[in-house]
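The file upload-v7.cif comes next; it holds mmCIF, C-alpha atoms.
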```cif
data_structure
#
loop_
_atom_site.label_atom_id
_atom_site.label_comp_id
_atom_site.auth_asym_id
_atom_site.auth_seq_id
_atom_site.Cartn_x
_atom_site.Cartn_y
_atom_site.Cartn_z
CA MET A 1 73.77 -56.07 -111.16
CA MET A 2 77.37 -55.12 -110.40
CA ASN A 3 77.31 -54.76 -106.63
CA ALA A 4 75.53 -55.98 -103.52
CA GLU A 5 73.15 -53.06 -103.49
CA ARG A 6 71.93 -53.78 -107.02
CA LYS A 7 71.34 -57.42 -106.13
CA ILE A 8 68.60 -56.49 -103.71
CA LEU A 9 65.41 -56.68 -105.73
CA SER A 10 63.32 -54.55 -103.42
CA ILE A 11 63.85 -52.50 -100.28
CA LEU A 12 60.80 -51.27 -98.49
CA ILE A 13 61.08 -48.40 -96.06
CA GLN A 14 57.99 -47.60 -94.08
CA SER A 15 56.98 -45.07 -91.50
CA LEU A 16 53.69 -45.10 -89.70
CA LEU A 17 52.35 -41.92 -88.10
CA LEU A 18 49.30 -42.20 -85.91
CA LEU A 19 47.62 -38.82 -85.47
CA THR A 20 46.95 -37.85 -81.88
CA PRO A 21 43.26 -37.68 -80.98
CA LEU A 22 41.93 -34.14 -80.68
CA ILE A 23 39.62 -35.08 -77.79
CA SER A 24 40.76 -37.04 -74.78
CA VAL A 25 38.82 -40.28 -74.46
CA ALA A 26 38.88 -42.79 -71.63
CA GLN A 27 40.80 -45.84 -72.69
CA THR A 28 38.64 -48.99 -72.55
CA PRO A 29 39.54 -52.52 -73.67
CA LEU A 30 38.99 -52.95 -77.41
CA GLU A 31 37.14 -56.15 -78.30
CA MET A 32 38.11 -57.55 -81.69
CA GLU A 33 35.19 -58.29 -83.98
CA GLU A 34 34.70 -61.89 -85.04
CA ILE A 35 35.66 -62.43 -88.68
CA LYS A 36 32.58 -62.82 -90.87
CA ILE A 37 32.61 -64.30 -94.36
CA THR A 38 30.73 -61.86 -96.59
CA ALA A 39 31.40 -63.44 -100.00
CA THR A 40 28.81 -66.13 -99.20
CA ARG A 41 26.09 -63.49 -98.64
CA ASN A 42 25.53 -65.29 -95.35
CA ALA A 43 27.89 -63.31 -93.08
CA GLU A 44 28.73 -66.56 -91.30
CA PRO A 45 31.67 -66.89 -88.90
CA SER A 46 34.90 -67.98 -90.55
CA GLY A 47 35.07 -71.14 -88.45
CA THR A 48 31.65 -72.48 -89.47
CA GLN A 49 31.56 -72.01 -93.25
CA SER A 50 31.55 -75.17 -95.35
CA ARG A 51 32.97 -73.88 -98.62
CA ASN A 52 36.68 -73.74 -99.40
CA ILE A 53 37.22 -70.13 -98.33
CA THR A 54 40.39 -68.40 -97.24
CA VAL A 55 40.39 -65.03 -95.47
CA ILE A 56 43.52 -62.86 -95.60
CA ASP A 57 43.24 -60.31 -92.81
CA LYS A 58 44.94 -56.94 -92.38
CA THR A 59 47.83 -58.35 -90.37
CA GLU A 60 48.76 -60.79 -93.13
CA LEU A 61 48.27 -58.14 -95.81
CA ASP A 62 50.74 -55.87 -93.99
CA GLU A 63 53.26 -58.69 -93.71
CA ARG A 64 53.11 -59.52 -97.44
CA GLN A 65 53.48 -55.91 -98.66
CA ALA A 66 51.72 -56.73 -101.93
CA THR A 67 51.63 -53.98 -104.55
CA SER A 68 48.60 -55.39 -106.41
CA VAL A 69 45.44 -57.21 -105.36
CA PRO A 70 46.35 -60.44 -107.23
CA GLN A 71 49.65 -60.54 -105.30
CA THR A 72 47.74 -60.72 -102.01
CA VAL A 73 46.29 -64.15 -102.91
CA ALA A 74 48.95 -65.63 -105.23
CA HIS A 75 50.49 -67.70 -102.39
CA LEU A 76 47.30 -69.67 -101.73
CA PRO A 77 46.94 -73.32 -102.87
CA ASN A 78 45.17 -73.70 -106.24
CA VAL A 79 45.48 -69.93 -106.87
CA THR A 80 47.96 -68.53 -109.38
CA LEU A 81 48.86 -65.06 -110.55
CA SER A 82 48.56 -64.42 -114.29
CA GLY A 83 49.53 -61.48 -116.48
CA GLY A 84 53.27 -61.39 -115.74
CA PRO A 85 55.30 -59.08 -113.49
CA ARG A 86 53.60 -55.83 -114.53
CA GLU A 87 51.42 -55.05 -111.51
CA ASP A 88 48.71 -53.12 -113.33
CA VAL A 89 47.72 -56.03 -115.61
CA GLN A 90 47.99 -58.91 -113.13
CA ASN A 91 44.99 -61.19 -112.72
CA VAL A 92 43.88 -64.20 -110.64
CA ASN A 93 43.42 -67.80 -111.75
CA ILE A 94 41.60 -70.28 -109.46
CA ARG A 95 41.91 -74.00 -110.19
CA GLY A 96 42.67 -73.32 -113.84
CA LEU A 97 39.83 -70.83 -114.34
CA GLY A 98 40.39 -67.11 -114.77
CA ASP A 99 39.24 -63.92 -116.50
CA ASN A 100 35.43 -63.70 -116.54
CA GLN A 101 35.08 -67.06 -114.75
CA VAL A 102 36.35 -65.57 -111.46
CA LEU A 103 34.06 -62.91 -110.01
CA GLN A 104 35.68 -59.87 -108.44
CA LEU A 105 33.88 -58.00 -105.65
CA VAL A 106 34.81 -54.77 -103.86
CA ASP A 107 32.73 -54.23 -100.71
CA GLY A 108 30.15 -56.62 -102.13
CA VAL A 109 29.89 -54.82 -105.50
CA ARG A 110 30.50 -56.65 -108.79
CA GLN A 111 33.40 -55.41 -110.92
CA ASN A 112 32.39 -56.20 -114.50
CA PHE A 113 35.14 -54.59 -116.58
CA MET A 114 36.88 -57.30 -118.62
CA SER A 115 38.38 -56.45 -122.00
CA GLY A 116 41.15 -58.42 -123.66
CA HIS A 117 44.61 -57.91 -122.14
CA ARG A 118 43.56 -54.82 -120.21
CA PRO A 119 43.75 -54.56 -116.40
CA THR A 120 40.79 -55.42 -114.17
CA TYR A 121 42.03 -54.84 -110.58
CA PHE A 122 42.25 -51.14 -109.70
CA LEU A 123 42.37 -51.02 -105.88
CA ASP A 124 45.43 -50.13 -103.79
CA PRO A 125 46.10 -53.04 -101.36
CA GLU A 126 46.79 -50.51 -98.58
CA LEU A 127 43.08 -49.58 -98.59
CA ILE A 128 42.00 -53.21 -98.08
CA LYS A 129 41.35 -54.67 -94.62
CA SER A 130 40.65 -58.24 -95.82
CA VAL A 131 40.47 -60.39 -98.95
CA GLU A 132 38.19 -63.45 -99.14
CA VAL A 133 38.93 -66.15 -101.72
CA VAL A 134 36.11 -68.58 -102.51
CA LYS A 135 37.43 -71.55 -104.46
CA GLY A 136 34.91 -73.34 -106.60
CA PRO A 137 31.49 -72.50 -108.06
CA SER A 138 29.41 -69.80 -106.39
CA SER A 139 27.02 -69.13 -109.24
CA ALA A 140 23.89 -69.91 -107.18
CA LEU A 141 24.53 -66.80 -105.08
CA TRP A 142 26.34 -64.56 -107.56
CA GLY A 143 25.24 -65.73 -111.01
CA SER A 144 27.35 -65.71 -114.16
CA GLY A 145 31.04 -65.10 -113.61
CA ALA A 146 31.50 -67.08 -110.40
CA LEU A 147 32.12 -70.51 -111.91
CA GLY A 148 35.77 -70.59 -110.83
CA GLY A 149 35.31 -68.70 -107.57
CA VAL A 150 35.15 -65.27 -106.01
CA ILE A 151 37.79 -62.69 -105.03
CA SER A 152 36.08 -60.43 -102.49
CA GLN A 153 37.95 -57.29 -101.35
CA ASN A 154 36.75 -55.42 -98.26
CA THR A 155 38.07 -51.88 -97.84
CA ILE A 156 38.87 -50.18 -94.54
CA HIS A 157 36.30 -48.27 -92.50
CA ALA A 158 36.83 -45.38 -90.10
CA ALA A 159 36.36 -47.75 -87.14
CA ASP A 160 39.40 -49.76 -88.30
CA LEU A 161 41.58 -46.70 -87.70
CA LEU A 162 39.89 -45.05 -84.73
CA GLY A 163 39.43 -47.73 -82.09
CA VAL A 164 38.24 -45.69 -79.09
CA ARG A 165 39.39 -42.35 -80.55
CA ASP A 166 37.30 -39.68 -82.25
CA PHE A 167 39.95 -38.66 -84.75
CA GLY A 168 42.97 -40.40 -86.25
CA GLY A 169 44.71 -41.63 -89.34
CA PHE A 170 47.99 -42.76 -90.83
CA ILE A 171 50.63 -41.98 -93.43
CA LYS A 172 52.58 -44.83 -95.00
CA GLN A 173 55.57 -44.31 -97.28
CA GLY A 174 57.31 -47.11 -99.16
CA TYR A 175 60.17 -47.35 -101.63
CA HIS A 176 61.26 -50.13 -104.03
CA SER A 177 64.87 -49.71 -105.15
CA ASN A 178 64.49 -52.12 -108.08
CA SER A 179 62.22 -49.76 -110.02
CA ASP A 180 62.80 -46.56 -108.01
CA LYS A 181 59.14 -46.75 -107.10
CA TRP A 182 57.61 -44.60 -104.39
CA LEU A 183 54.37 -45.73 -102.72
CA THR A 184 52.41 -43.28 -100.59
CA THR A 185 49.11 -43.96 -98.82
CA THR A 186 47.33 -41.74 -96.32
CA ALA A 187 43.99 -41.75 -94.52
CA LEU A 188 42.08 -39.57 -92.07
CA ALA A 189 39.07 -40.71 -90.06
CA GLY A 190 36.67 -39.12 -87.62
CA ARG A 191 33.59 -39.82 -85.52
CA MET A 192 30.66 -37.46 -84.90
CA ASP A 193 27.65 -38.72 -82.94
CA SER A 194 26.19 -41.51 -85.11
CA VAL A 195 28.44 -40.93 -88.14
CA ASP A 196 31.94 -42.23 -88.92
CA TRP A 197 33.81 -40.73 -91.89
CA LEU A 198 36.96 -41.72 -93.76
CA LEU A 199 38.99 -39.94 -96.44
CA SER A 200 41.99 -41.71 -97.97
CA GLY A 201 44.24 -41.53 -101.00
CA PHE A 202 47.26 -43.15 -102.61
CA TYR A 203 49.99 -42.26 -105.11
CA ARG A 204 52.48 -44.66 -106.69
CA ASP A 205 55.16 -43.70 -109.19
CA GLY A 206 57.84 -46.05 -110.52
CA ASN A 207 60.23 -46.68 -113.39
CA GLU A 208 60.77 -49.92 -115.30
CA ILE A 209 61.49 -53.12 -113.38
CA GLU A 210 65.05 -54.45 -113.56
CA LEU A 211 65.23 -58.17 -114.41
CA GLY A 212 67.74 -60.69 -113.10
CA ASN A 213 69.92 -60.34 -116.21
CA GLY A 214 70.32 -56.60 -115.63
CA GLU A 215 67.96 -55.54 -118.41
CA ASN A 216 64.83 -53.48 -117.85
CA LEU A 217 61.36 -54.92 -118.42
CA GLU A 218 60.02 -52.67 -121.14
CA GLY A 219 56.58 -51.27 -120.44
CA SER A 220 56.64 -51.82 -116.66
CA ALA A 221 56.80 -48.19 -115.51
CA SER A 222 53.53 -46.69 -114.29
CA ARG A 223 51.95 -43.91 -112.27
CA ASP A 224 48.84 -44.63 -110.17
CA LYS A 225 46.74 -42.41 -107.96
CA GLY A 226 43.34 -42.58 -106.35
CA VAL A 227 41.03 -41.45 -103.55
CA MET A 228 38.32 -43.09 -101.44
CA ALA A 229 35.67 -41.45 -99.24
CA LYS A 230 33.40 -43.48 -96.97
CA VAL A 231 30.66 -42.53 -94.50
CA ASP A 232 29.12 -45.02 -92.05
CA TRP A 233 25.79 -43.84 -90.62
CA PHE A 234 24.57 -45.77 -87.58
CA ILE A 235 20.89 -44.84 -87.84
CA ASP A 236 19.79 -46.83 -84.77
CA ASP A 237 20.50 -50.18 -83.14
CA ALA A 238 18.93 -52.03 -86.09
CA GLN A 239 19.91 -49.90 -89.09
CA THR A 240 23.18 -48.82 -90.71
CA ALA A 241 24.01 -47.22 -94.05
CA THR A 242 27.40 -46.92 -95.74
CA PHE A 243 28.10 -44.43 -98.53
CA ASN A 244 31.22 -45.14 -100.59
CA LEU A 245 32.98 -43.11 -103.32
CA ARG A 246 36.17 -44.22 -105.09
CA SER A 247 38.18 -42.93 -108.01
CA SER A 248 41.51 -44.10 -109.42
CA GLU A 249 43.72 -43.32 -112.40
CA VAL A 250 46.55 -45.33 -113.99
CA ASN A 251 48.95 -43.99 -116.63
CA GLY A 252 51.81 -45.74 -118.38
CA GLU A 253 53.30 -47.20 -121.51
CA VAL A 254 52.65 -50.93 -121.72
CA PRO A 255 52.84 -53.71 -124.33
CA SER A 256 49.69 -54.37 -126.32
CA ASN A 257 49.69 -57.84 -124.71
CA GLY A 258 52.13 -59.98 -122.79
CA ALA A 259 52.87 -62.23 -125.78
CA ALA A 260 53.55 -59.40 -128.25
CA ASP A 261 56.76 -59.41 -130.29
CA LEU A 262 59.13 -56.90 -128.67
CA SER A 263 60.82 -56.25 -132.01
CA SER A 264 57.52 -55.12 -133.57
CA SER A 265 56.93 -51.41 -134.02
CA ASN A 266 53.37 -52.00 -132.81
CA PHE A 267 54.48 -53.47 -129.50
CA MET A 268 54.06 -50.47 -127.17
CA ILE A 269 50.95 -48.48 -126.41
CA HIS A 270 50.15 -45.60 -124.06
CA ARG A 271 47.29 -46.39 -121.68
CA GLU A 272 45.23 -44.10 -119.47
CA ASN A 273 42.61 -45.71 -117.26
CA GLN A 274 40.00 -43.91 -115.17
CA THR A 275 37.79 -45.89 -112.77
CA ASP A 276 34.99 -44.37 -110.66
CA HIS A 277 32.61 -46.00 -108.18
CA ALA A 278 29.69 -44.99 -105.96
CA SER A 279 27.55 -47.21 -103.74
CA VAL A 280 25.01 -47.17 -100.92
CA ASP A 281 24.84 -50.19 -98.59
CA TYR A 282 21.83 -50.27 -96.26
CA ARG A 283 21.53 -52.96 -93.55
CA LEU A 284 18.45 -53.77 -91.45
CA ASN A 285 19.04 -56.22 -88.60
CA PRO A 286 16.43 -55.93 -85.82
CA ASP A 287 16.09 -58.44 -83.00
CA SER A 288 14.27 -60.93 -85.19
CA ASP A 289 15.09 -64.35 -86.62
CA TRP A 290 13.08 -63.49 -89.72
CA LEU A 291 14.81 -60.30 -90.82
CA ASN A 292 18.50 -59.65 -91.54
CA ALA A 293 18.34 -57.68 -94.78
CA GLN A 294 20.71 -55.79 -97.07
CA LEU A 295 20.01 -53.39 -99.92
CA MET A 296 22.94 -52.40 -102.14
CA LEU A 297 22.77 -49.81 -104.95
CA TYR A 298 25.90 -49.16 -106.98
CA TRP A 299 27.42 -47.47 -110.03
CA ASN A 300 30.77 -48.30 -111.66
CA ASN A 301 32.41 -46.61 -114.65
CA THR A 302 35.71 -47.66 -116.26
CA ASP A 303 37.15 -45.65 -119.14
CA MET A 304 40.22 -47.12 -120.90
CA GLN A 305 41.95 -44.87 -123.45
CA GLU A 306 44.92 -46.20 -125.45
CA TYR A 307 47.00 -45.24 -128.47
CA ARG A 308 49.86 -47.00 -130.24
CA LEU A 309 53.16 -45.17 -129.87
CA SER A 310 54.28 -45.86 -133.44
CA ASP A 311 51.37 -44.13 -135.17
CA ARG A 312 49.04 -42.94 -132.33
CA ARG A 313 46.27 -45.27 -133.52
CA ALA A 314 43.62 -45.10 -130.79
CA ASP A 315 41.48 -47.68 -128.97
CA ASN A 316 38.99 -46.41 -126.40
CA THR A 317 36.67 -48.61 -124.33
CA GLU A 318 34.19 -47.56 -121.64
CA ILE A 319 31.88 -49.74 -119.54
CA GLU A 320 29.28 -48.27 -117.19
CA THR A 321 27.49 -50.51 -114.69
CA LEU A 322 24.34 -49.81 -112.68
CA GLY A 323 23.26 -52.47 -110.20
CA LEU A 324 21.29 -53.44 -107.14
CA ASN A 325 21.19 -56.32 -104.70
CA LEU A 326 18.46 -57.07 -102.17
CA ASN A 327 18.82 -60.11 -99.92
CA ASN A 328 17.62 -61.37 -96.56
CA ARG A 329 18.55 -64.09 -94.10
CA THR A 330 15.93 -65.97 -92.05
CA GLU A 331 16.67 -68.33 -89.16
CA LEU A 332 14.16 -71.06 -88.27
CA SER A 333 15.52 -73.07 -85.39
CA ASN A 334 18.90 -74.26 -86.75
CA ILE A 335 17.91 -73.90 -90.40
CA SER A 336 18.96 -70.73 -92.24
CA PHE A 337 17.57 -69.35 -95.50
CA ILE A 338 19.34 -66.81 -97.70
CA TYR A 339 17.26 -65.43 -100.53
CA GLY A 340 16.97 -62.31 -102.64
CA VAL A 341 17.10 -60.63 -106.04
CA ASP A 342 19.89 -58.84 -107.86
CA GLY A 343 20.50 -57.26 -111.21
CA TYR A 344 22.77 -55.00 -113.18
CA GLN A 345 23.02 -53.18 -116.49
CA ASP A 346 26.28 -52.85 -118.44
CA LYS A 347 26.63 -50.22 -121.14
CA LEU A 348 29.60 -50.59 -123.49
CA SER A 349 30.86 -47.88 -125.81
CA SER A 350 34.08 -48.00 -127.83
CA ASN A 351 35.87 -46.61 -130.85
CA ARG A 352 38.94 -47.61 -132.85
CA GLY A 353 41.30 -45.81 -135.15
CA GLY A 354 43.09 -47.16 -138.21
CA LEU A 355 42.00 -48.90 -141.40
CA ASP A 356 40.25 -52.28 -141.56
CA ARG A 357 39.58 -52.34 -137.81
CA PRO A 358 35.85 -52.79 -137.18
CA THR A 359 34.63 -50.96 -134.09
CA PRO A 360 32.67 -53.07 -131.60
CA PRO A 361 29.07 -51.81 -131.54
CA ASP A 362 27.74 -49.86 -128.58
CA ALA A 363 25.85 -52.41 -126.51
CA THR A 364 23.67 -52.78 -123.42
CA THR A 365 23.44 -55.95 -121.34
CA GLU A 366 20.87 -56.45 -118.58
CA VAL A 367 20.90 -59.33 -116.09
CA TRP A 368 18.22 -59.94 -113.44
CA GLY A 369 18.24 -62.88 -111.08
CA ALA A 370 16.52 -64.44 -108.08
CA PHE A 371 18.37 -66.81 -105.75
CA THR A 372 17.95 -68.86 -102.61
CA GLU A 373 20.14 -71.07 -100.44
CA VAL A 374 19.18 -73.27 -97.49
CA HIS A 375 21.54 -74.56 -94.77
CA ILE A 376 20.32 -77.54 -92.74
CA PRO A 377 22.59 -78.96 -89.99
CA PHE A 378 22.30 -82.67 -89.24
CA ALA A 379 25.10 -83.04 -86.70
CA GLU A 380 28.14 -81.18 -85.46
CA ALA A 381 30.19 -82.18 -88.52
CA TRP A 382 27.40 -82.53 -91.10
CA ARG A 383 25.37 -79.88 -92.88
CA LEU A 384 23.23 -79.98 -96.02
CA GLU A 385 23.30 -76.96 -98.33
CA MET A 386 20.86 -76.55 -101.21
CA GLY A 387 20.76 -73.60 -103.60
CA GLY A 388 19.01 -72.45 -106.72
CA ARG A 389 19.04 -69.47 -109.03
CA TYR A 390 17.08 -68.11 -111.98
CA ASP A 391 18.63 -65.50 -114.31
CA ASP A 392 17.28 -63.52 -117.24
CA PHE A 393 19.83 -62.15 -119.73
CA SER A 394 19.23 -59.53 -122.40
CA THR A 395 21.76 -57.97 -124.77
CA LYS A 396 21.20 -55.27 -127.39
CA ALA A 397 23.81 -53.87 -129.76
#
```
Can you present the structure in this file as structure tokens?
Amino acid sequence: MMNAERKILSILIQSLLLLTPLISVAQTPLEMEEIKITATRNAEPSGTQSRNITVIDKTELDERQATSVPQTVAHLPNVTLSGGPREDVQNVNIRGLGDNQVLQLVDGVRQNFMSGHRPTYFLDPELIKSVEVVKGPSSALWGSGALGGVISQNTIHAADLLGVRDFGGFIKQGYHSNSDKWLTTTALAGRMDSVDWLLSGFYRDGNEIELGNGENLEGSASRDKGVMAKVDWFIDDAQTATFNLRSSEVNGEVPSNGAADLSSSNFMIHRENQTDHASVDYRLNPDSDWLNAQLMLYWNNTDMQEYRLSDRRADNTEIETLGLNLNNRTELSNISFIYGVDGYQDKLSSNRGGLDRPTPPDATTEVWGAFTEVHIPFAEAWRLEMGGRYDDFSTKA
């Protein structure tokens, strides 16, 4: 870094364009919705929850300008960012626990891809309206994988962009001078009778990161792109359904792992990652203390293709997940019950090139569980919570 300009690690230039509504609408006061904690499956107000939960809302996300999901929570107490400075392979550690001991959710859907030093977070932070961090065990509600906590990401809806309008959107453009990285995110939203729709996309393209000593961090350049489509159908006063489609792609040359010897000819690999998601989220909430139900059906597919630059030796891994979640909340006086069933099936397929490298067998894992949790208030500052869960695991290879 030879001059003042080079000493600036990152310069972010933004422009925000709000599309003018096509139909004139009378301006009425906009009431802000009370923040609900969804990672507890209880949708309880943020001020009444008893667990150690932190909610990072859209305002704070915009202030932090994070370029990866783990960066959005790395500032929290007892939460650390792991994986190094390369954004695509960063991960979250909660109270010393990480990897498959911290459950990741996107709009309430489990993200089960976890394979060695490969990335696990594939969402552009610009498409997130809030992140909930549950510190500590949540396995009674979520099962295996939530021993350390939960990172729950909630993506934007059309209503978050429209307010009282029928049509709107935004374009956001950023630039980081350190890596000559351009970040572009755009979204369009509309409202028709009982249906809200949203179409968004992002594109990020950058070179290698420059370190403090003036050298480049090898294997830190990447190109990411993705799209998200979401439809919210307000069936009637008691029923809603949300249909969500997402797809993202990451390309770049990265080290085989963060501790690899840079002088080794086997250090660098080329990685192409394709992640696709589809889900249906149905909610039934009539005027009844007995019924506040949710049914979630989802499909995830992550395909990771890699080859070593020195000899093009290939490693390909694909995990497909099918899952469902059915839960209900019942209120009896001041006592609340949350109960339900959930399950998922993971299918793993992989292949490896090169000699003396056994290929992991194709495998199928099925997990089915039933859970319940009871909240009993004793006084204004005292509440008893009791929970239980039964899981059945099956793996075939």
Legend entry - 7 Å contact set for A:Val133, all atoms listed in the file, chain neighbours under 4 positions out, as a ChimeraX atom specification: /A:53-55,150-152
Legend entry - the PyMOL selection byres ((chain A and resi 296) around 12) resolved against shown file, as an MDAnalysis selection string: chainID A and resid 107:110 240:244 278:284 293:295 297:299 322:328 340:344
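The coordinates place atom CA of A:Ile94 at 9.7 Å from atom CA of A:Ala74.
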Inset, instruction - Could you state which residues are captured by the PyMOL selection byres ((chain A and resi 61-66) around 9) in this file, as a list in words? - result: Leu12, Ile56, Asp57, Lys58, Thr59, Glu60, Thr67, Ser68, Val69, Pro70, Gln71, Thr72, Pro125, Glu126, Ile128, Lys129, Ser130 and Val131 of chain A
Inset, instruction - Find the residue from A:Met192, A:Val89, A:Val374, A:Ala146 that sits nearest to A:Leu332; use all atoms listed in the file when measuring. - result: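 Answer, going by the shortest atom-to-atom distance: A:Val374.
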Legend entry - Selected residue, from A:Val367, A:Leu123, A:Leu384, A:Val79, that lies nearest to A:Gly145 when counting only C-alpha atoms: A:Val367
Inset, instruction - Identify, on the basis of all atoms listed in the file, every residue whose closest approach to A:Arg357 does not exceed 12 Å; exclude the query and any residue fewer than 4 positions from it along the same chain; express the result as JSON, numbers by chain. - result: {"A": [313, 314, 315, 351, 352, 353]}
Take the residues just selected and output them with C-alpha atoms as a PDB file, keeping the file's coordinate frame.
```pdb
ATOM      1  CA  ARG A 313      46.270 -45.270-133.520  1.00  0.00           C
ATOM      2  CA  ALA A 314      43.620 -45.100-130.790  1.00  0.00           C
ATOM      3  CA  ASP A 315      41.480 -47.680-128.970  1.00  0.00           C
ATOM      4  CA  ASN A 351      35.870 -46.610-130.850  1.00  0.00           C
ATOM      5  CA  ARG A 352      38.940 -47.610-132.850  1.00  0.00           C
ATOM      6  CA  GLY A 353      41.300 -45.810-135.150  1.00  0.00           C
TER       7      GLY A 353
END
```
